[in-house]
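With PDB, C-alpha atoms, pLDDT in the B column inside, this is structure_20.pdb:
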```pdb
ATOM      1  CA  MET C  12      12.345 -12.140  50.719  1.00 54.00           C
ATOM      2  CA  LEU C  13      11.879 -15.059  53.122  1.00 56.00           C
ATOM      3  CA  ALA C  14       9.052 -16.493  51.025  1.00 59.00           C
ATOM      4  CA  ASP C  15      11.219 -16.395  47.878  1.00 66.00           C
ATOM      5  CA  THR C  16      14.380 -17.741  49.494  1.00 63.00           C
ATOM      6  CA  LEU C  17      13.125 -20.513  51.760  1.00 67.00           C
ATOM      7  CA  PRO C  18      12.157 -22.977  48.990  1.00 70.00           C
ATOM      8  CA  LYS C  19      15.744 -22.820  47.671  1.00 81.00           C
ATOM      9  CA  LEU C  20      17.124 -23.628  51.127  1.00 89.00           C
ATOM     10  CA  GLU C  21      14.502 -25.985  52.502  1.00 89.00           C
ATOM     11  CA  LEU C  22      15.364 -29.613  53.154  1.00 90.00           C
ATOM     12  CA  ASN C  23      12.226 -31.756  53.096  1.00 90.00           C
ATOM     13  CA  ASN C  24      10.937 -35.193  52.106  1.00 91.00           C
ATOM     14  CA  SER C  25      10.880 -34.330  48.412  1.00 91.00           C
ATOM     15  CA  ASN C  26      14.550 -33.284  48.143  1.00 91.00           C
ATOM     16  CA  LEU C  27      16.248 -35.163  51.011  1.00 91.00           C
ATOM     17  CA  LYS C  28      17.324 -38.185  48.940  1.00 93.00           C
ATOM     18  CA  GLN C  29      18.684 -36.008  46.141  1.00 92.00           C
ATOM     19  CA  PHE C  30      20.686 -33.890  48.612  1.00 91.00           C
ATOM     20  CA  ALA C  31      22.034 -36.996  50.401  1.00 90.00           C
ATOM     21  CA  LYS C  32      23.081 -38.609  47.103  1.00 93.00           C
ATOM     22  CA  TYR C  33      24.868 -35.418  46.036  1.00 91.00           C
ATOM     23  CA  ILE C  34      26.761 -35.212  49.347  1.00 91.00           C
ATOM     24  CA  LYS C  35      27.702 -38.906  49.285  1.00 91.00           C
ATOM     25  CA  LYS C  36      28.702 -38.929  45.608  1.00 94.00           C
ATOM     26  CA  ASN C  37      31.071 -35.999  46.117  1.00 92.00           C
ATOM     27  CA  ASN C  38      32.240 -37.127  49.567  1.00 93.00           C
ATOM     28  CA  PHE C  39      31.510 -33.726  51.109  1.00 92.00           C
ATOM     29  CA  LYS C  40      31.712 -33.123  54.839  1.00 93.00           C
ATOM     30  CA  ILE C  41      28.313 -32.199  56.247  1.00 93.00           C
ATOM     31  CA  THR C  42      27.578 -30.535  59.578  1.00 95.00           C
ATOM     32  CA  LEU C  43      24.216 -30.483  61.354  1.00 95.00           C
ATOM     33  CA  GLU C  44      23.456 -27.576  63.666  1.00 96.00           C
ATOM     34  CA  ILE C  45      20.318 -27.922  65.757  1.00 96.00           C
ATOM     35  CA  GLY C  46      18.827 -24.775  67.265  1.00 95.00           C
ATOM     36  CA  PHE C  47      20.991 -22.250  65.453  1.00 95.00           C
ATOM     37  CA  GLY C  48      19.141 -19.210  66.830  1.00 93.00           C
ATOM     38  CA  SER C  49      19.717 -16.296  64.476  1.00 93.00           C
ATOM     39  CA  GLY C  50      22.581 -18.162  62.864  1.00 94.00           C
ATOM     40  CA  GLU C  51      25.762 -16.380  63.950  1.00 95.00           C
ATOM     41  CA  ASN C  52      27.734 -19.609  64.402  1.00 96.00           C
ATOM     42  CA  LEU C  53      26.196 -21.339  61.396  1.00 96.00           C
ATOM     43  CA  TYR C  54      26.973 -18.321  59.211  1.00 96.00           C
ATOM     44  CA  SER C  55      30.577 -18.279  60.425  1.00 96.00           C
ATOM     45  CA  LEU C  56      30.956 -21.992  59.682  1.00 95.00           C
ATOM     46  CA  LEU C  57      29.428 -21.542  56.239  1.00 95.00           C
ATOM     47  CA  VAL C  58      31.716 -18.648  55.295  1.00 95.00           C
ATOM     48  CA  ASN C  59      34.923 -20.055  56.784  1.00 95.00           C
ATOM     49  CA  ASN C  60      34.586 -23.654  55.566  1.00 93.00           C
ATOM     50  CA  ARG C  61      34.109 -23.261  51.816  1.00 91.00           C
ATOM     51  CA  ASN C  62      34.276 -26.994  51.075  1.00 91.00           C
ATOM     52  CA  ASP C  63      31.746 -28.106  53.676  1.00 94.00           C
ATOM     53  CA  TYR C  64      27.963 -28.426  53.554  1.00 95.00           C
ATOM     54  CA  PHE C  65      25.511 -27.662  56.354  1.00 96.00           C
ATOM     55  CA  ILE C  66      22.045 -28.480  57.615  1.00 95.00           C
ATOM     56  CA  GLY C  67      20.543 -26.032  60.081  1.00 95.00           C
ATOM     57  CA  CYS C  68      17.468 -26.770  62.203  1.00 95.00           C
ATOM     58  CA  GLU C  69      15.685 -23.877  63.901  1.00 94.00           C
ATOM     59  CA  PRO C  70      12.071 -24.023  65.125  1.00 93.00           C
ATOM     60  CA  TYR C  71      11.598 -20.257  65.466  1.00 94.00           C
ATOM     61  CA  LEU C  72      10.715 -18.238  62.382  1.00 90.00           C
ATOM     62  CA  ASN C  73      12.451 -15.087  63.647  1.00 92.00           C
ATOM     63  CA  GLY C  74      15.790 -16.907  63.932  1.00 92.00           C
ATOM     64  CA  LEU C  75      15.309 -18.499  60.536  1.00 90.00           C
ATOM     65  CA  ALA C  76      14.494 -15.137  58.939  1.00 90.00           C
ATOM     66  CA  ALA C  77      17.487 -13.453  60.597  1.00 92.00           C
ATOM     67  CA  PHE C  78      19.811 -16.149  59.249  1.00 94.00           C
ATOM     68  CA  ILE C  79      18.389 -16.046  55.729  1.00 92.00           C
ATOM     69  CA  ALA C  80      18.799 -12.262  55.654  1.00 91.00           C
ATOM     70  CA  LYS C  81      22.544 -12.668  56.374  1.00 90.00           C
ATOM     71  CA  ILE C  82      23.542 -15.141  53.707  1.00 91.00           C
ATOM     72  CA  ASP C  83      24.422 -14.394  50.108  1.00 90.00           C
ATOM     73  CA  GLU C  84      22.831 -16.333  47.296  1.00 89.00           C
ATOM     74  CA  ASP C  85      26.160 -17.879  46.291  1.00 91.00           C
ATOM     75  CA  LEU C  86      26.071 -19.852  49.586  1.00 92.00           C
ATOM     76  CA  TYR C  87      22.621 -21.364  48.990  1.00 91.00           C
ATOM     77  CA  ASN C  88      23.907 -24.589  47.437  1.00 90.00           C
ATOM     78  CA  ARG C  89      25.885 -25.473  50.614  1.00 93.00           C
ATOM     79  CA  ILE C  90      23.143 -24.939  53.196  1.00 94.00           C
ATOM     80  CA  LYS C  91      19.777 -26.568  53.785  1.00 94.00           C
ATOM     81  CA  LEU C  92      17.342 -25.546  56.487  1.00 93.00           C
TER      82      LEU C  92
END
```
Now, as a test, write the supplied structure out as structure tokens.
Amino acid sequence: MLADTLPKLELNNSNLKQFAKYIKKNNFKITLEIGFGSGENLYSLLVNNRNDYFIGCEPYLNGLAAFIAKIDEDLYNRIKL
């Protein structure tokens, strides 16, 4: 599951400009969370702030995998990791 999902959620050099243009064009609020652990707070923000977009940075694969396992596919367009 992680291998299939991560490319949809990954923010990298090849899609950063496109994501930034989309956010700016639509004037969306964006939140950066650094070191989100297994994502409890990030998940809560994502679910409770339906008009906001998020970038999560987590260096540990276990935390990343735990977060990805929690989120539904309909939230993918509002989160980048």
Distance query Asn52 of chain C at most 12 Å, only C-alpha atoms, self and fewer than 5 positions along chain excluded, as an MDAnalysis selection string: chainID C and resid 42:47 57:60 65 67 78 81
Reference answer for the PyMOL selection byres ((chain C and resi 22) around 12), as a PyMOL selection string: chain C and resi 17-21+23-31+65-68+87-92
Keeping only C-alpha atoms, write the selected residues to a file as a CSV table (one decimal), in the coordinates of the input.
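Dumped to result_26.csv:
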```csv
chain,number,residue,atom,x,y,z
C,17,LEU,CA,13.1,-20.5,51.8
C,18,PRO,CA,12.2,-23.0,49.0
C,19,LYS,CA,15.7,-22.8,47.7
C,20,LEU,CA,17.1,-23.6,51.1
C,21,GLU,CA,14.5,-26.0,52.5
C,23,ASN,CA,12.2,-31.8,53.1
C,24,ASN,CA,10.9,-35.2,52.1
C,25,SER,CA,10.9,-34.3,48.4
C,26,ASN,CA,14.6,-33.3,48.1
C,27,LEU,CA,16.2,-35.2,51.0
C,28,LYS,CA,17.3,-38.2,48.9
C,29,GLN,CA,18.7,-36.0,46.1
C,30,PHE,CA,20.7,-33.9,48.6
C,31,ALA,CA,22.0,-37.0,50.4
C,65,PHE,CA,25.5,-27.7,56.4
C,66,ILE,CA,22.0,-28.5,57.6
C,67,GLY,CA,20.5,-26.0,60.1
C,68,CYS,CA,17.5,-26.8,62.2
C,87,TYR,CA,22.6,-21.4,49.0
C,88,ASN,CA,23.9,-24.6,47.4
C,89,ARG,CA,25.9,-25.5,50.6
C,90,ILE,CA,23.1,-24.9,53.2
C,91,LYS,CA,19.8,-26.6,53.8
C,92,LEU,CA,17.3,-25.5,56.5
```
Could you state the separation of atom CA of Asn73 of chain C and atom CA of Gly50 of chain C in Å, given to one decimal place? 10.6 Å
For Leu72 of chain C, find every residue with an atom within 10 Å (counting only C-alpha atoms), except residues of its own chain fewer than 5 positions away, and show them as a ChimeraX atom specification. /C:13,48-49,77-78
Figure out the distance between atom CA of Lys35 of chain C and atom CA of Tyr71 of chain C, please, to one decimal in Å.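 Calculated distance between atom CA of Tyr71 of chain C and atom CA of Lys35 of chain C is 29.5 Å.
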Students should find that atom CA of Ile41 of chain C and atom CA of Asp85 of chain C are spaced 17.6 Å
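Compared by their closest atoms to Ile79 of chain C, and using all atoms listed in the file, the residues C:Phe39, C:Tyr64, C:Tyr54, C:Tyr33 rank with C:Tyr54 nearest.
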From the options C:Lys32, C:Glu51, C:Asn37, C:Asp63, which residue's atoms come nearest to Leu75 of chain C, counting all atoms listed in the file?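 Closest to Leu75 of chain C, using all atoms listed in the file: C:Glu51.
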Completion step: segment 66-84 of chain C with N, CA and C atoms as a PDB file, in the coordinates of the input:
```pdb
ATOM      1  N   ILE C  66      23.489 -28.412  57.393  1.00 95.00           N
ATOM      2  CA  ILE C  66      22.045 -28.480  57.615  1.00 95.00           C
ATOM      3  C   ILE C  66      21.790 -27.750  58.922  1.00 95.00           C
ATOM      4  N   GLY C  67      20.902 -26.780  58.885  1.00 95.00           N
ATOM      5  CA  GLY C  67      20.543 -26.032  60.081  1.00 95.00           C
ATOM      6  C   GLY C  67      19.090 -26.274  60.436  1.00 95.00           C
ATOM      7  N   CYS C  68      18.828 -26.539  61.710  1.00 95.00           N
ATOM      8  CA  CYS C  68      17.468 -26.770  62.203  1.00 95.00           C
ATOM      9  C   CYS C  68      17.146 -25.695  63.233  1.00 95.00           C
ATOM     10  N   GLU C  69      16.100 -24.938  62.981  1.00 94.00           N
ATOM     11  CA  GLU C  69      15.685 -23.877  63.901  1.00 94.00           C
ATOM     12  C   GLU C  69      14.164 -23.805  63.908  1.00 94.00           C
ATOM     13  N   PRO C  70      13.527 -24.008  65.070  1.00 93.00           N
ATOM     14  CA  PRO C  70      12.071 -24.023  65.125  1.00 93.00           C
ATOM     15  C   PRO C  70      11.424 -22.636  65.094  1.00 93.00           C
ATOM     16  N   TYR C  71      12.188 -21.591  65.364  1.00 94.00           N
ATOM     17  CA  TYR C  71      11.598 -20.257  65.466  1.00 94.00           C
ATOM     18  C   TYR C  71      11.802 -19.461  64.187  1.00 94.00           C
ATOM     19  N   LEU C  72      10.703 -18.958  63.650  1.00 90.00           N
ATOM     20  CA  LEU C  72      10.715 -18.238  62.382  1.00 90.00           C
ATOM     21  C   LEU C  72      11.596 -16.988  62.431  1.00 90.00           C
ATOM     22  N   ASN C  73      11.623 -16.293  63.556  1.00 92.00           N
ATOM     23  CA  ASN C  73      12.451 -15.087  63.647  1.00 92.00           C
ATOM     24  C   ASN C  73      13.936 -15.413  63.475  1.00 92.00           C
ATOM     25  N   GLY C  74      14.401 -16.492  64.086  1.00 92.00           N
ATOM     26  CA  GLY C  74      15.790 -16.907  63.932  1.00 92.00           C
ATOM     27  C   GLY C  74      16.087 -17.320  62.507  1.00 92.00           C
ATOM     28  N   LEU C  75      15.174 -18.067  61.920  1.00 90.00           N
ATOM     29  CA  LEU C  75      15.309 -18.499  60.536  1.00 90.00           C
ATOM     30  C   LEU C  75      15.398 -17.299  59.594  1.00 90.00           C
ATOM     31  N   ALA C  76      14.509 -16.341  59.781  1.00 90.00           N
ATOM     32  CA  ALA C  76      14.494 -15.137  58.939  1.00 90.00           C
ATOM     33  C   ALA C  76      15.773 -14.322  59.116  1.00 90.00           C
ATOM     34  N   ALA C  77      16.250 -14.200  60.338  1.00 92.00           N
ATOM     35  CA  ALA C  77      17.487 -13.453  60.597  1.00 92.00           C
ATOM     36  C   ALA C  77      18.668 -14.115  59.884  1.00 92.00           C
ATOM     37  N   PHE C  78      18.729 -15.437  59.917  1.00 94.00           N
ATOM     38  CA  PHE C  78      19.811 -16.149  59.249  1.00 94.00           C
ATOM     39  C   PHE C  78      19.738 -15.976  57.737  1.00 94.00           C
ATOM     40  N   ILE C  79      18.560 -16.166  57.183  1.00 92.00           N
ATOM     41  CA  ILE C  79      18.389 -16.046  55.729  1.00 92.00           C
ATOM     42  C   ILE C  79      18.760 -14.647  55.247  1.00 92.00           C
ATOM     43  N   ALA C  80      18.463 -13.635  56.033  1.00 91.00           N
ATOM     44  CA  ALA C  80      18.799 -12.262  55.654  1.00 91.00           C
ATOM     45  C   ALA C  80      20.310 -12.035  55.592  1.00 91.00           C
ATOM     46  N   LYS C  81      21.086 -12.834  56.326  1.00 90.00           N
ATOM     47  CA  LYS C  81      22.544 -12.668  56.374  1.00 90.00           C
ATOM     48  C   LYS C  81      23.274 -13.294  55.195  1.00 90.00           C
ATOM     49  N   ILE C  82      22.745 -14.369  54.657  1.00 91.00           N
ATOM     50  CA  ILE C  82      23.542 -15.141  53.707  1.00 91.00           C
ATOM     51  C   ILE C  82      23.355 -14.670  52.272  1.00 91.00           C
ATOM     52  N   ASP C  83      24.438 -14.750  51.521  1.00 90.00           N
ATOM     53  CA  ASP C  83      24.422 -14.394  50.108  1.00 90.00           C
ATOM     54  C   ASP C  83      23.959 -15.580  49.280  1.00 90.00           C
ATOM     55  N   GLU C  84      23.392 -15.289  48.148  1.00 89.00           N
ATOM     56  CA  GLU C  84      22.831 -16.333  47.296  1.00 89.00           C
ATOM     57  C   GLU C  84      23.885 -17.344  46.842  1.00 89.00           C
TER      58      GLU C  84
END
```
